[in-house]
Amino acid sequence: MAHRRLAHASLTAAILALAATPASAQQAAPASTQPAVPAGTAVTPLDAVTTTATRTPAVSGDVAAPVTVVGREEIERRDARSVVDLIRDIPGIESSGAPRTTALQPIIRGLGDERIVLRTDGARNNFNAGHRGRTFVDPDLLRQVEVLRGPASTLYGSGALGGAISLRTIEVEDILQPGAAFGGTLGAGWQSQGSGPRGSLALGARAGDFSLLGAVAGFTNNNFTDGADNTIPYTGDNATSLLGKLSWNPGHHRFQLSALRFRDDHQIPISANTATTTGITDRDTVSENLSFRWSYDDPALPLFNPQVVLYRTHVDLTEQRLTGTRVRDRTELTTVGIDAQNTSRFGLGPTRHALTFGTELYRDEQEGTANGVPRQQFPSAQQSITAFFVQDEIGLGAFTLTPGVRLDRFEQESPDGRNDRNSERASPRISLAWQVTPWLQPYVSYAEGFRAPSLTELYVGGQHFPGNSFVPNPNLRPEVSRNKEVGANLRFSDVLQGGDRLRIRVAAFRNDIDDFIEQTVLRTTTVSANVAEARIEGVEAEAQYDAGLWYAGIGAAALKGDNRVTDQPLASIPAHRVTLSAGYRFLEHGVVVGGRITATAEQDRAPNVAGVAQQTSGYGLLDLHAAWTPNFAPNVRLSLAIDNVFDQAYRRANWNSDPSPPFYDVGRNIRGALRVSF
């Protein structure tokens, strides 16, 4: 215990020392640095500003990386109850397992769990414990979600094997009217699935350089039903999120203190994001995120644009078994860290540079107990990570070359201190984009990603199930991926009428993964080992058109994944899918109507598990939505939506088993919402 306190104190001292240096962390860029879209023209989601793809502000449709942005307008329209529901339509994205809202986990290009880096307002969320979920925030408190597909370890370190997801919570600017000193929004909604109400309240105030925001959002529902009118067991929720922000913006500085808390109290299986209906617990999930952010942006000082985030995230799951032995499990992970960077913009001969460099330090401490004593299945262990990264966006005429590299050093501490280990990993990336014409930008890229073995994989022990025990493997090697990608961004204006916009992105990739960590269940033991070489390859396409009065979009992806040792298909690879969306704005009445069609192919390339085929059938879904903002009351918004209009009974491709009794994904859902700004 003394050793842990000393390590914590050392990290805290390092954070305080680094906070005084001109470095920075990932956060929303100041408005003055964000590329602008010309006023009076239609825009598309590919025109949104992202800071995830390069750690510098850029229009998402212009970067040499497959990044998709879901903005505030889309978040409000979707009225989703989980982050995964917001991003599920993005090409190459799928969600894991049964539709238990807060247990859903994202899968990017066939990789999920700890193979995706998840950040909220720049703070890492490293929690991952046996199918229990990771995205603990009500979407109503989000202003933007950014999804970067493909290895991203050059910018975000371990875990970014499949990609990175950045969540940005709402700001005072999203609440207050221009020039207003005080205001807020009040929302209420209901859905037919689970007879579930929801509500939200956000208040904001500003005086001089100071602003204050407070918000609460939550929902409750009973069990869902599927398209075959079966009850989907243990899908009830009672979730609440709280958000508070205090900001001070003197001159070119921006200081912000932020606190986010999520809680969900529900009955749910231990392996909640699978189709299981056994191992039921009364679970209390609490997630807390506390962060302090500072940035400085002065156009007169192009060499000095620092951003810093100091943060602490804590996830605490308490589970009381409702069947079998009355065991009370507690699963905790605390992450304390700093992410700091600086971007210097300058010219050197004929070249233009945006040089970003920085450091990230964080420490994970996990602890698992059963009835108050250590639980070997989630061993008490710690790890400290020190990382340094550098990236240079080099412009030369019509070409942009972006090389970068990151060095991570891991110090992992076992429960008994006998299997402590140190490791290092360098993650390079390079991309080249060519602006051939004002409307065509092809690019090529090579990126490496890695995932260090988790503390649980290294040090797990105890019983897996009766007659079978976990065996720790402290000699696991990091997983390493090498991704080759070629793509193109296309931008058109005035295509069918003046002021309209068409944005297109296409990409093809091949991701080779070495030392893939697999968990193997033998007769009496379960062990993780580096046994597989995997390859995932595919093509993705996005197109979005907006003409002001009407808009349309298409997203498509076709992926293939193989275990190159056994020559068998990989699990968790999404089926081929095409999504079509369109809408019309009746501007004179303040009405918007639209719909979405999702066509998903049969997934016949799936492994057998315990002799049971995992193939899934193809299916099609139709969703409709409408919203009304009355001209006589522009501060009021009414919305109505119908998901899965034809009550289709379907299963996503990664449905890992047939439960007994069987059930499918969520059936028809009618949703209504009212939002008032004041």
# chains A, B, ... in the order shown; residues from 1 in each chain; ligands from 1
>>> residues_around(residues="A:Val593", least_positions_apart="6", cutoff="8 Å", atoms="only C-alpha atoms", output="number ranges by chain")
A: 583-585, 624-627
>>> write_last_selection(atoms="C-alpha atoms", output="PDB file, in the first residue's frame")
ATOM      1  CA  GLY A 583     -34.388  14.452 -45.775  1.00  0.00           C
ATOM      2  CA  TYR A 584     -36.282  17.582 -46.783  1.00  0.00           C
ATOM      3  CA  ARG A 585     -36.531  20.912 -44.948  1.00  0.00           C
ATOM      4  CA  LEU A 624     -38.255   7.645 -40.254  1.00  0.00           C
ATOM      5  CA  HIS A 625     -37.994  10.952 -38.405  1.00  0.00           C
ATOM      6  CA  ALA A 626     -39.544  14.429 -38.353  1.00  0.00           C
ATOM      7  CA  ALA A 627     -38.920  17.623 -36.393  1.00  0.00           C
TER       8      ALA A 627
END
>>> select_by_dssp(residues="stretch 441-628 of chain A", states="strand (DSSP E or B)", output="short mmCIF file (atom, residue, chain, number, x, y, z; two decimals) with N, CA and C atoms, in the first residue's frame")
data_model
loop_
_atom_site.label_atom_id
_atom_site.label_comp_id
_atom_site.auth_asym_id
_atom_site.auth_seq_id
_atom_site.Cartn_x
_atom_site.Cartn_y
_atom_site.Cartn_z
N GLN A 441 -8.52 15.01 -53.92
CA GLN A 441 -7.35 14.84 -53.06
C GLN A 441 -7.15 13.36 -52.75
N PRO A 442 -6.35 12.65 -53.54
CA PRO A 442 -6.01 11.27 -53.17
C PRO A 442 -4.95 11.26 -52.08
N TYR A 443 -4.86 10.15 -51.34
CA TYR A 443 -3.85 10.03 -50.30
C TYR A 443 -3.46 8.57 -50.11
N VAL A 444 -2.29 8.37 -49.56
CA VAL A 444 -1.82 7.06 -49.14
C VAL A 444 -1.27 7.21 -47.72
N SER A 445 -1.34 6.13 -46.94
CA SER A 445 -0.83 6.21 -45.58
C SER A 445 -0.37 4.85 -45.10
N TYR A 446 0.56 4.88 -44.16
CA TYR A 446 1.01 3.69 -43.45
C TYR A 446 1.03 4.03 -41.97
N ALA A 447 0.42 3.19 -41.15
CA ALA A 447 0.36 3.47 -39.71
C ALA A 447 0.49 2.18 -38.94
N GLU A 448 1.20 2.26 -37.83
CA GLU A 448 1.31 1.13 -36.93
C GLU A 448 0.56 1.43 -35.64
N GLY A 449 -0.05 0.41 -35.10
CA GLY A 449 -0.72 0.53 -33.81
C GLY A 449 -0.28 -0.61 -32.91
N PHE A 450 -0.50 -0.46 -31.63
CA PHE A 450 -0.15 -1.55 -30.72
C PHE A 450 -1.08 -1.52 -29.51
N ARG A 451 -1.15 -2.66 -28.87
CA ARG A 451 -1.86 -2.77 -27.60
C ARG A 451 -1.03 -3.58 -26.64
N GLN A 463 -11.04 -19.04 -10.46
CA GLN A 463 -11.94 -19.89 -11.24
C GLN A 463 -12.58 -19.13 -12.38
N HIS A 464 -12.58 -19.75 -13.57
CA HIS A 464 -13.32 -19.20 -14.71
C HIS A 464 -14.76 -19.69 -14.65
N PHE A 465 -14.91 -21.00 -14.54
CA PHE A 465 -16.21 -21.62 -14.29
C PHE A 465 -15.91 -22.94 -13.59
N ASN A 468 -12.76 -25.21 -14.18
CA ASN A 468 -11.83 -24.53 -15.08
C ASN A 468 -11.28 -23.28 -14.39
N SER A 469 -9.96 -23.08 -14.47
CA SER A 469 -9.31 -21.96 -13.80
C SER A 469 -8.50 -21.13 -14.78
N PHE A 470 -8.43 -19.80 -14.52
CA PHE A 470 -7.57 -18.91 -15.29
C PHE A 470 -6.10 -19.17 -14.93
N VAL A 471 -5.25 -19.10 -15.96
CA VAL A 471 -3.81 -19.21 -15.76
C VAL A 471 -3.18 -17.90 -16.24
N GLU A 479 0.37 -6.68 -28.87
CA GLU A 479 -0.16 -6.82 -30.22
C GLU A 479 0.31 -5.65 -31.07
N VAL A 480 0.64 -5.92 -32.33
CA VAL A 480 1.12 -4.87 -33.23
C VAL A 480 0.38 -4.97 -34.55
N SER A 481 -0.14 -3.84 -35.03
CA SER A 481 -0.82 -3.83 -36.32
C SER A 481 -0.09 -2.91 -37.28
N ARG A 482 -0.13 -3.27 -38.55
CA ARG A 482 0.50 -2.49 -39.61
C ARG A 482 -0.53 -2.29 -40.71
N ASN A 483 -0.97 -1.04 -40.85
CA ASN A 483 -2.09 -0.73 -41.73
C ASN A 483 -1.61 0.06 -42.95
N LYS A 484 -1.95 -0.46 -44.12
CA LYS A 484 -1.70 0.24 -45.38
C LYS A 484 -3.03 0.71 -45.94
N GLU A 485 -3.08 1.97 -46.36
CA GLU A 485 -4.37 2.53 -46.77
C GLU A 485 -4.18 3.46 -47.95
N VAL A 486 -5.14 3.42 -48.85
CA VAL A 486 -5.19 4.36 -49.96
C VAL A 486 -6.62 4.88 -50.05
N GLY A 487 -6.75 6.18 -50.29
CA GLY A 487 -8.08 6.75 -50.33
C GLY A 487 -8.12 8.04 -51.10
N ALA A 488 -9.28 8.65 -51.12
CA ALA A 488 -9.45 9.92 -51.83
C ALA A 488 -10.58 10.71 -51.19
N ASN A 489 -10.38 12.03 -51.09
CA ASN A 489 -11.41 12.96 -50.67
C ASN A 489 -11.82 13.80 -51.87
N LEU A 490 -13.13 13.94 -52.08
CA LEU A 490 -13.64 14.73 -53.20
C LEU A 490 -14.60 15.78 -52.66
N ARG A 491 -14.46 17.02 -53.18
CA ARG A 491 -15.28 18.14 -52.73
C ARG A 491 -15.85 18.85 -53.95
N PHE A 492 -17.17 19.00 -53.97
CA PHE A 492 -17.82 19.69 -55.07
C PHE A 492 -18.79 20.71 -54.51
N SER A 493 -18.94 21.82 -55.20
CA SER A 493 -19.92 22.85 -54.87
C SER A 493 -20.71 23.21 -56.12
N ARG A 501 -23.51 21.45 -51.76
CA ARG A 501 -22.21 20.83 -51.51
C ARG A 501 -22.33 19.32 -51.61
N LEU A 502 -21.31 18.72 -52.18
CA LEU A 502 -21.20 17.26 -52.25
C LEU A 502 -19.81 16.88 -51.76
N ARG A 503 -19.76 16.01 -50.78
CA ARG A 503 -18.50 15.54 -50.22
C ARG A 503 -18.46 14.02 -50.30
N ILE A 504 -17.33 13.49 -50.76
CA ILE A 504 -17.18 12.04 -50.93
C ILE A 504 -15.83 11.62 -50.35
N ARG A 505 -15.82 10.50 -49.64
CA ARG A 505 -14.57 9.89 -49.19
C ARG A 505 -14.62 8.39 -49.48
N VAL A 506 -13.58 7.86 -50.09
CA VAL A 506 -13.46 6.42 -50.31
C VAL A 506 -12.09 5.98 -49.81
N ALA A 507 -12.01 4.76 -49.32
CA ALA A 507 -10.75 4.25 -48.79
C ALA A 507 -10.72 2.74 -48.90
N ALA A 508 -9.52 2.20 -49.11
CA ALA A 508 -9.28 0.76 -49.08
C ALA A 508 -8.08 0.52 -48.17
N PHE A 509 -8.13 -0.51 -47.36
CA PHE A 509 -7.07 -0.73 -46.37
C PHE A 509 -6.78 -2.21 -46.20
N ARG A 510 -5.59 -2.48 -45.67
CA ARG A 510 -5.20 -3.83 -45.23
C ARG A 510 -4.45 -3.67 -43.92
N ASN A 511 -4.95 -4.31 -42.88
CA ASN A 511 -4.37 -4.21 -41.55
C ASN A 511 -3.87 -5.59 -41.12
N ASP A 512 -2.55 -5.74 -41.01
CA ASP A 512 -1.94 -6.99 -40.57
C ASP A 512 -1.58 -6.88 -39.09
N ILE A 513 -2.03 -7.84 -38.31
CA ILE A 513 -1.86 -7.80 -36.86
C ILE A 513 -1.03 -9.00 -36.42
N ASP A 514 0.09 -8.73 -35.75
CA ASP A 514 0.97 -9.78 -35.24
C ASP A 514 0.82 -9.90 -33.74
N ASP A 515 1.14 -11.08 -33.23
CA ASP A 515 1.07 -11.37 -31.79
C ASP A 515 -0.31 -11.10 -31.22
N PHE A 516 -1.31 -11.40 -32.02
CA PHE A 516 -2.70 -11.22 -31.59
C PHE A 516 -2.93 -12.05 -30.33
N ILE A 517 -3.49 -11.42 -29.30
CA ILE A 517 -3.70 -12.11 -28.02
C ILE A 517 -5.06 -12.79 -28.04
N GLU A 518 -5.04 -14.10 -27.89
CA GLU A 518 -6.28 -14.87 -27.87
C GLU A 518 -6.41 -15.60 -26.54
N GLN A 519 -7.63 -15.66 -26.05
CA GLN A 519 -7.91 -16.43 -24.85
C GLN A 519 -8.42 -17.80 -25.26
N THR A 520 -7.74 -18.85 -24.80
CA THR A 520 -8.08 -20.22 -25.17
C THR A 520 -8.62 -20.95 -23.96
N VAL A 521 -9.79 -21.57 -24.10
CA VAL A 521 -10.41 -22.36 -23.03
C VAL A 521 -10.13 -23.83 -23.28
N THR A 525 -8.27 -25.44 -17.87
CA THR A 525 -7.63 -24.13 -17.73
C THR A 525 -8.07 -23.19 -18.84
N THR A 526 -7.93 -21.88 -18.57
CA THR A 526 -8.16 -20.83 -19.56
C THR A 526 -6.93 -19.93 -19.54
N VAL A 527 -6.30 -19.71 -20.70
CA VAL A 527 -5.05 -18.96 -20.75
C VAL A 527 -5.05 -18.05 -21.97
N SER A 528 -4.42 -16.87 -21.82
CA SER A 528 -4.22 -15.95 -22.95
C SER A 528 -2.81 -16.13 -23.48
N ALA A 529 -2.66 -16.11 -24.80
CA ALA A 529 -1.35 -16.31 -25.41
C ALA A 529 -1.28 -15.59 -26.74
N ASN A 530 -0.04 -15.25 -27.16
CA ASN A 530 0.19 -14.69 -28.49
C ASN A 530 0.25 -15.84 -29.48
N VAL A 531 -0.87 -16.13 -30.12
CA VAL A 531 -0.91 -17.31 -30.97
C VAL A 531 -1.28 -17.01 -32.42
N ALA A 532 -1.83 -15.84 -32.71
CA ALA A 532 -2.43 -15.64 -34.03
C ALA A 532 -1.79 -14.50 -34.79
N GLU A 533 -1.76 -14.68 -36.08
CA GLU A 533 -1.52 -13.58 -37.01
C GLU A 533 -2.83 -13.34 -37.74
N ALA A 534 -3.27 -12.10 -37.72
CA ALA A 534 -4.57 -11.79 -38.30
C ALA A 534 -4.42 -10.76 -39.40
N ARG A 535 -5.35 -10.79 -40.33
CA ARG A 535 -5.41 -9.77 -41.39
C ARG A 535 -6.85 -9.34 -41.57
N ILE A 536 -7.06 -8.02 -41.53
CA ILE A 536 -8.37 -7.44 -41.79
C ILE A 536 -8.21 -6.46 -42.94
N GLU A 537 -9.03 -6.59 -43.95
CA GLU A 537 -8.96 -5.71 -45.11
C GLU A 537 -10.36 -5.36 -45.56
N GLY A 538 -10.46 -4.23 -46.25
CA GLY A 538 -11.78 -3.84 -46.69
C GLY A 538 -11.79 -2.52 -47.43
N VAL A 539 -12.99 -2.12 -47.81
CA VAL A 539 -13.21 -0.84 -48.48
C VAL A 539 -14.35 -0.13 -47.76
N GLU A 540 -14.26 1.21 -47.72
CA GLU A 540 -15.27 2.03 -47.09
C GLU A 540 -15.56 3.24 -47.98
N ALA A 541 -16.78 3.72 -47.93
CA ALA A 541 -17.15 4.89 -48.73
C ALA A 541 -18.20 5.70 -47.99
N GLU A 542 -18.07 7.03 -48.08
CA GLU A 542 -19.06 7.96 -47.54
C GLU A 542 -19.32 9.03 -48.58
N ALA A 543 -20.58 9.41 -48.74
CA ALA A 543 -20.93 10.53 -49.61
C ALA A 543 -22.07 11.30 -48.95
N GLN A 544 -21.94 12.62 -48.93
CA GLN A 544 -22.95 13.47 -48.29
C GLN A 544 -23.22 14.69 -49.16
N TYR A 545 -24.50 14.95 -49.36
CA TYR A 545 -24.93 16.07 -50.20
C TYR A 545 -25.91 16.93 -49.42
N ASP A 546 -25.74 18.24 -49.54
CA ASP A 546 -26.66 19.16 -48.86
C ASP A 546 -26.93 20.35 -49.78
N TRP A 550 -32.86 20.25 -49.16
CA TRP A 550 -32.86 18.80 -49.00
C TRP A 550 -31.43 18.30 -48.90
N TYR A 551 -31.30 17.12 -48.36
CA TYR A 551 -29.98 16.54 -48.14
C TYR A 551 -30.06 15.03 -48.32
N ALA A 552 -28.92 14.40 -48.54
CA ALA A 552 -28.86 12.95 -48.71
C ALA A 552 -27.46 12.47 -48.38
N GLY A 553 -27.37 11.20 -48.03
CA GLY A 553 -26.07 10.63 -47.71
C GLY A 553 -26.06 9.14 -47.92
N ILE A 554 -24.88 8.59 -48.10
CA ILE A 554 -24.70 7.15 -48.23
C ILE A 554 -23.41 6.75 -47.53
N GLY A 555 -23.45 5.63 -46.86
CA GLY A 555 -22.26 5.05 -46.25
C GLY A 555 -22.23 3.57 -46.53
N ALA A 556 -21.07 3.04 -46.86
CA ALA A 556 -20.97 1.63 -47.21
C ALA A 556 -19.62 1.09 -46.77
N ALA A 557 -19.60 -0.19 -46.40
CA ALA A 557 -18.36 -0.84 -46.00
C ALA A 557 -18.46 -2.32 -46.30
N ALA A 558 -17.33 -2.89 -46.74
CA ALA A 558 -17.21 -4.33 -46.95
C ALA A 558 -15.87 -4.76 -46.38
N LEU A 559 -15.89 -5.58 -45.32
CA LEU A 559 -14.69 -5.99 -44.62
C LEU A 559 -14.55 -7.51 -44.62
N LYS A 560 -13.30 -7.94 -44.53
CA LYS A 560 -12.98 -9.36 -44.47
C LYS A 560 -11.86 -9.54 -43.46
N GLY A 561 -11.99 -10.53 -42.57
CA GLY A 561 -10.95 -10.78 -41.58
C GLY A 561 -10.63 -12.25 -41.46
N ASP A 562 -9.32 -12.57 -41.34
CA ASP A 562 -8.90 -13.97 -41.27
C ASP A 562 -7.82 -14.16 -40.23
N ASN A 563 -7.90 -15.29 -39.53
CA ASN A 563 -6.81 -15.77 -38.71
C ASN A 563 -5.84 -16.49 -39.64
N GLN A 568 -8.93 -19.50 -40.65
CA GLN A 568 -10.35 -19.40 -40.34
C GLN A 568 -10.74 -17.92 -40.27
N PRO A 569 -12.00 -17.61 -40.57
CA PRO A 569 -12.44 -16.21 -40.47
C PRO A 569 -12.43 -15.74 -39.03
N ARG A 577 -22.42 -3.73 -45.49
CA ARG A 577 -23.59 -2.90 -45.17
C ARG A 577 -23.59 -1.62 -45.99
N VAL A 578 -24.80 -1.19 -46.36
CA VAL A 578 -25.01 0.08 -47.04
C VAL A 578 -26.11 0.82 -46.29
N THR A 579 -25.87 2.10 -46.00
CA THR A 579 -26.86 2.94 -45.33
C THR A 579 -27.17 4.14 -46.21
N LEU A 580 -28.44 4.36 -46.50
CA LEU A 580 -28.91 5.49 -47.30
C LEU A 580 -29.77 6.38 -46.41
N SER A 581 -29.52 7.68 -46.45
CA SER A 581 -30.33 8.61 -45.68
C SER A 581 -30.69 9.81 -46.55
N ALA A 582 -31.83 10.43 -46.26
CA ALA A 582 -32.27 11.61 -47.01
C ALA A 582 -33.29 12.36 -46.19
N GLY A 583 -33.41 13.65 -46.48
CA GLY A 583 -34.39 14.45 -45.77
C GLY A 583 -34.72 15.71 -46.54
N TYR A 584 -35.83 16.34 -46.14
CA TYR A 584 -36.28 17.58 -46.78
C TYR A 584 -36.65 18.58 -45.70
N ARG A 585 -36.26 19.85 -45.90
CA ARG A 585 -36.53 20.91 -44.95
C ARG A 585 -37.61 21.85 -45.52
N PHE A 586 -38.76 21.89 -44.87
CA PHE A 586 -39.80 22.84 -45.23
C PHE A 586 -39.53 24.12 -44.43
N VAL A 591 -40.19 22.76 -40.59
CA VAL A 591 -40.35 21.31 -40.50
C VAL A 591 -39.23 20.61 -41.27
N VAL A 592 -38.69 19.55 -40.68
CA VAL A 592 -37.70 18.70 -41.34
C VAL A 592 -38.20 17.26 -41.26
N VAL A 593 -38.23 16.57 -42.40
CA VAL A 593 -38.62 15.16 -42.42
C VAL A 593 -37.51 14.38 -43.12
N GLY A 594 -37.33 13.13 -42.71
CA GLY A 594 -36.28 12.33 -43.33
C GLY A 594 -36.42 10.87 -42.99
N GLY A 595 -35.51 10.09 -43.55
CA GLY A 595 -35.53 8.66 -43.32
C GLY A 595 -34.18 8.04 -43.59
N ARG A 596 -34.07 6.79 -43.23
CA ARG A 596 -32.81 6.06 -43.41
C ARG A 596 -33.13 4.61 -43.73
N ILE A 597 -32.44 4.07 -44.70
CA ILE A 597 -32.55 2.66 -45.06
C ILE A 597 -31.20 2.00 -44.82
N THR A 598 -31.20 0.90 -44.07
CA THR A 598 -29.98 0.14 -43.82
C THR A 598 -30.13 -1.24 -44.41
N ALA A 599 -29.24 -1.58 -45.33
CA ALA A 599 -29.25 -2.90 -45.96
C ALA A 599 -27.98 -3.64 -45.56
N THR A 600 -28.14 -4.74 -44.85
CA THR A 600 -27.01 -5.51 -44.33
C THR A 600 -27.01 -6.90 -44.95
N GLN A 603 -23.83 -12.60 -43.25
CA GLN A 603 -22.44 -12.82 -42.85
C GLN A 603 -22.19 -14.33 -42.81
N ASN A 608 -17.02 -21.00 -36.23
CA ASN A 608 -17.89 -21.80 -35.38
C ASN A 608 -17.36 -21.75 -33.95
N VAL A 609 -18.25 -21.65 -33.01
CA VAL A 609 -17.89 -21.64 -31.59
C VAL A 609 -18.56 -22.83 -30.93
N VAL A 612 -21.05 -24.58 -32.93
CA VAL A 612 -22.27 -23.86 -33.31
C VAL A 612 -21.92 -22.80 -34.35
N ALA A 613 -22.60 -22.80 -35.48
CA ALA A 613 -22.33 -21.82 -36.54
C ALA A 613 -22.74 -20.43 -36.09
N THR A 616 -24.97 -15.18 -39.71
CA THR A 616 -26.22 -14.45 -39.53
C THR A 616 -26.82 -14.10 -40.89
N TYR A 619 -30.46 -8.51 -43.62
CA TYR A 619 -31.70 -7.86 -43.23
C TYR A 619 -31.71 -6.42 -43.73
N GLY A 620 -32.89 -5.83 -43.74
CA GLY A 620 -33.06 -4.43 -44.10
C GLY A 620 -33.90 -3.71 -43.07
N LEU A 621 -33.55 -2.45 -42.78
CA LEU A 621 -34.26 -1.66 -41.79
C LEU A 621 -34.66 -0.31 -42.39
N LEU A 622 -35.82 0.18 -41.98
CA LEU A 622 -36.28 1.51 -42.38
C LEU A 622 -36.56 2.31 -41.12
N ASP A 623 -35.97 3.50 -41.04
CA ASP A 623 -36.21 4.43 -39.94
C ASP A 623 -36.74 5.74 -40.52
N LEU A 624 -37.69 6.37 -39.83
CA LEU A 624 -38.26 7.65 -40.25
C LEU A 624 -38.17 8.65 -39.11
N HIS A 625 -38.05 9.93 -39.45
CA HIS A 625 -37.99 10.95 -38.40
C HIS A 625 -38.55 12.27 -38.94
N ALA A 626 -39.03 13.10 -38.01
CA ALA A 626 -39.54 14.43 -38.35
C ALA A 626 -39.32 15.34 -37.16
N ALA A 627 -39.10 16.62 -37.45
CA ALA A 627 -38.92 17.62 -36.39
C ALA A 627 -39.60 18.91 -36.81
N TRP A 628 -40.12 19.63 -35.82
CA TRP A 628 -40.83 20.89 -36.08
C TRP A 628 -40.32 21.96 -35.12
#
>>> closest_residue(among="A:Asp665, A:Asp316, A:Asp298, A:Glu588", to="A:Pro250", atoms="only C-alpha atoms")
A:Asp298
>>> residues_around(residues="A:Ser60", least_positions_apart="5", cutoff="12 Å", atoms="only C-alpha atoms", output="ChimeraX atom specification")
/A:34-35,44-55,65-71,146-148,489-491,503-505,542
>>> residues_around(residues="A:Ser200", least_positions_apart="2", cutoff="7 Å", atoms="only C-alpha atoms", output="number ranges by chain")
A: 186-188, 202, 216-218
>>> write_last_selection(atoms="all heavy atoms", output="mmCIF file, in the first residue's frame")
data_model
loop_
_atom_site.group_PDB
_atom_site.id
_atom_site.type_symbol
_atom_site.label_atom_id
_atom_site.label_comp_id
_atom_site.auth_asym_id
_atom_site.auth_seq_id
_atom_site.Cartn_x
_atom_site.Cartn_y
_atom_site.Cartn_z
ATOM 1 N N LEU A 186 -34.382 22.755 -21.780
ATOM 2 C CA LEU A 186 -35.139 21.755 -21.045
ATOM 3 C C LEU A 186 -35.676 20.754 -22.051
ATOM 4 O O LEU A 186 -36.290 21.130 -23.055
ATOM 5 C CB LEU A 186 -36.289 22.409 -20.275
ATOM 6 C CG LEU A 186 -37.216 21.467 -19.495
ATOM 7 C CD1 LEU A 186 -36.459 20.780 -18.370
ATOM 8 C CD2 LEU A 186 -38.415 22.246 -18.944
ATOM 9 N N GLY A 187 -35.408 19.476 -21.804
ATOM 10 C CA GLY A 187 -35.833 18.453 -22.743
ATOM 11 C C GLY A 187 -36.594 17.341 -22.051
ATOM 12 O O GLY A 187 -36.351 17.014 -20.883
ATOM 13 N N ALA A 188 -37.531 16.745 -22.775
ATOM 14 C CA ALA A 188 -38.287 15.598 -22.282
ATOM 15 C C ALA A 188 -38.588 14.695 -23.463
ATOM 16 O O ALA A 188 -38.796 15.166 -24.584
ATOM 17 C CB ALA A 188 -39.576 16.031 -21.596
ATOM 18 N N ALA A 202 -30.214 21.769 -18.880
ATOM 19 C CA ALA A 202 -28.893 22.386 -18.935
ATOM 20 C C ALA A 202 -29.044 23.879 -18.718
ATOM 21 O O ALA A 202 -29.908 24.522 -19.328
ATOM 22 C CB ALA A 202 -28.218 22.118 -20.287
ATOM 23 N N VAL A 216 -27.938 18.039 -16.376
ATOM 24 C CA VAL A 216 -28.307 16.703 -15.937
ATOM 25 C C VAL A 216 -29.139 16.063 -17.037
ATOM 26 O O VAL A 216 -29.944 16.736 -17.700
ATOM 27 C CB VAL A 216 -29.090 16.744 -14.601
ATOM 28 C CG1 VAL A 216 -30.335 17.611 -14.726
ATOM 29 C CG2 VAL A 216 -29.451 15.338 -14.136
ATOM 30 N N ALA A 217 -28.928 14.788 -17.266
ATOM 31 C CA ALA A 217 -29.693 14.052 -18.273
ATOM 32 C C ALA A 217 -29.835 12.617 -17.802
ATOM 33 O O ALA A 217 -28.935 12.074 -17.152
ATOM 34 C CB ALA A 217 -29.007 14.103 -19.640
ATOM 35 N N GLY A 218 -30.957 12.007 -18.130
ATOM 36 C CA GLY A 218 -31.149 10.635 -17.705
ATOM 37 C C GLY A 218 -32.325 9.981 -18.396
ATOM 38 O O GLY A 218 -33.127 10.634 -19.065
#
>>> atom_distance(atom1="atom CA of A:Gly183", atom2="atom CA of A:Pro139")
20.5 Å
>>> residues_around(residues="A:Thr169", least_positions_apart="4", cutoff="7 Å", atoms="only C-alpha atoms", output="JSON, numbers by chain")
{"A": [121, 141, 142, 143]}
>>> residues_around(residues="stretch 368-375 of chain A", least_positions_apart="6", cutoff="8 Å", atoms="only C-alpha atoms", output="list in words")
Val327, Arg328, Asp329, Arg330, Thr331, Glu332 and Gly462 of chain A
>>> atom_distance(atom1="atom CA of A:Arg406", atom2="atom CA of A:Thr356")
11.5 Å
>>> residues_around(residues="A:Ala673", least_positions_apart="6", cutoff="12 Å", atoms="only C-alpha atoms", output="ChimeraX atom specification")
/A:76-80,140,186-191,196-200,625-628,636-641
>>> write_last_selection(atoms="C-alpha atoms", output="short mmCIF file (atom, residue, chain, number, x, y, z; two decimals), in the first residue's frame")
data_model
loop_
_atom_site.label_atom_id
_atom_site.label_comp_id
_atom_site.auth_asym_id
_atom_site.auth_seq_id
_atom_site.Cartn_x
_atom_site.Cartn_y
_atom_site.Cartn_z
CA GLU A 76 -30.35 15.70 -31.06
CA ARG A 77 -32.08 14.16 -34.06
CA ARG A 78 -31.08 10.61 -33.14
CA ASP A 79 -32.21 10.99 -29.50
CA ALA A 80 -29.94 8.03 -28.75
CA ASP A 140 -27.69 14.34 -24.54
CA LEU A 186 -35.14 21.75 -21.05
CA GLY A 187 -35.83 18.45 -22.74
CA ALA A 188 -38.29 15.60 -22.28
CA GLY A 189 -38.85 12.47 -24.31
CA TRP A 190 -40.41 9.04 -24.39
CA GLN A 191 -39.98 5.85 -26.38
CA GLY A 196 -39.02 4.60 -21.36
CA PRO A 197 -39.12 8.31 -20.45
CA ARG A 198 -36.06 10.55 -20.53
CA GLY A 199 -35.31 14.12 -19.53
CA SER A 200 -32.56 16.72 -19.49
CA HIS A 625 -37.99 10.95 -38.40
CA ALA A 626 -39.54 14.43 -38.35
CA ALA A 627 -38.92 17.62 -36.39
CA TRP A 628 -40.83 20.89 -36.08
CA VAL A 636 -39.14 25.11 -29.23
CA ARG A 637 -38.34 21.86 -31.04
CA LEU A 638 -40.72 18.90 -31.34
CA SER A 639 -39.49 15.64 -32.83
CA LEU A 640 -40.98 12.27 -33.69
CA ALA A 641 -39.22 9.17 -34.99
#
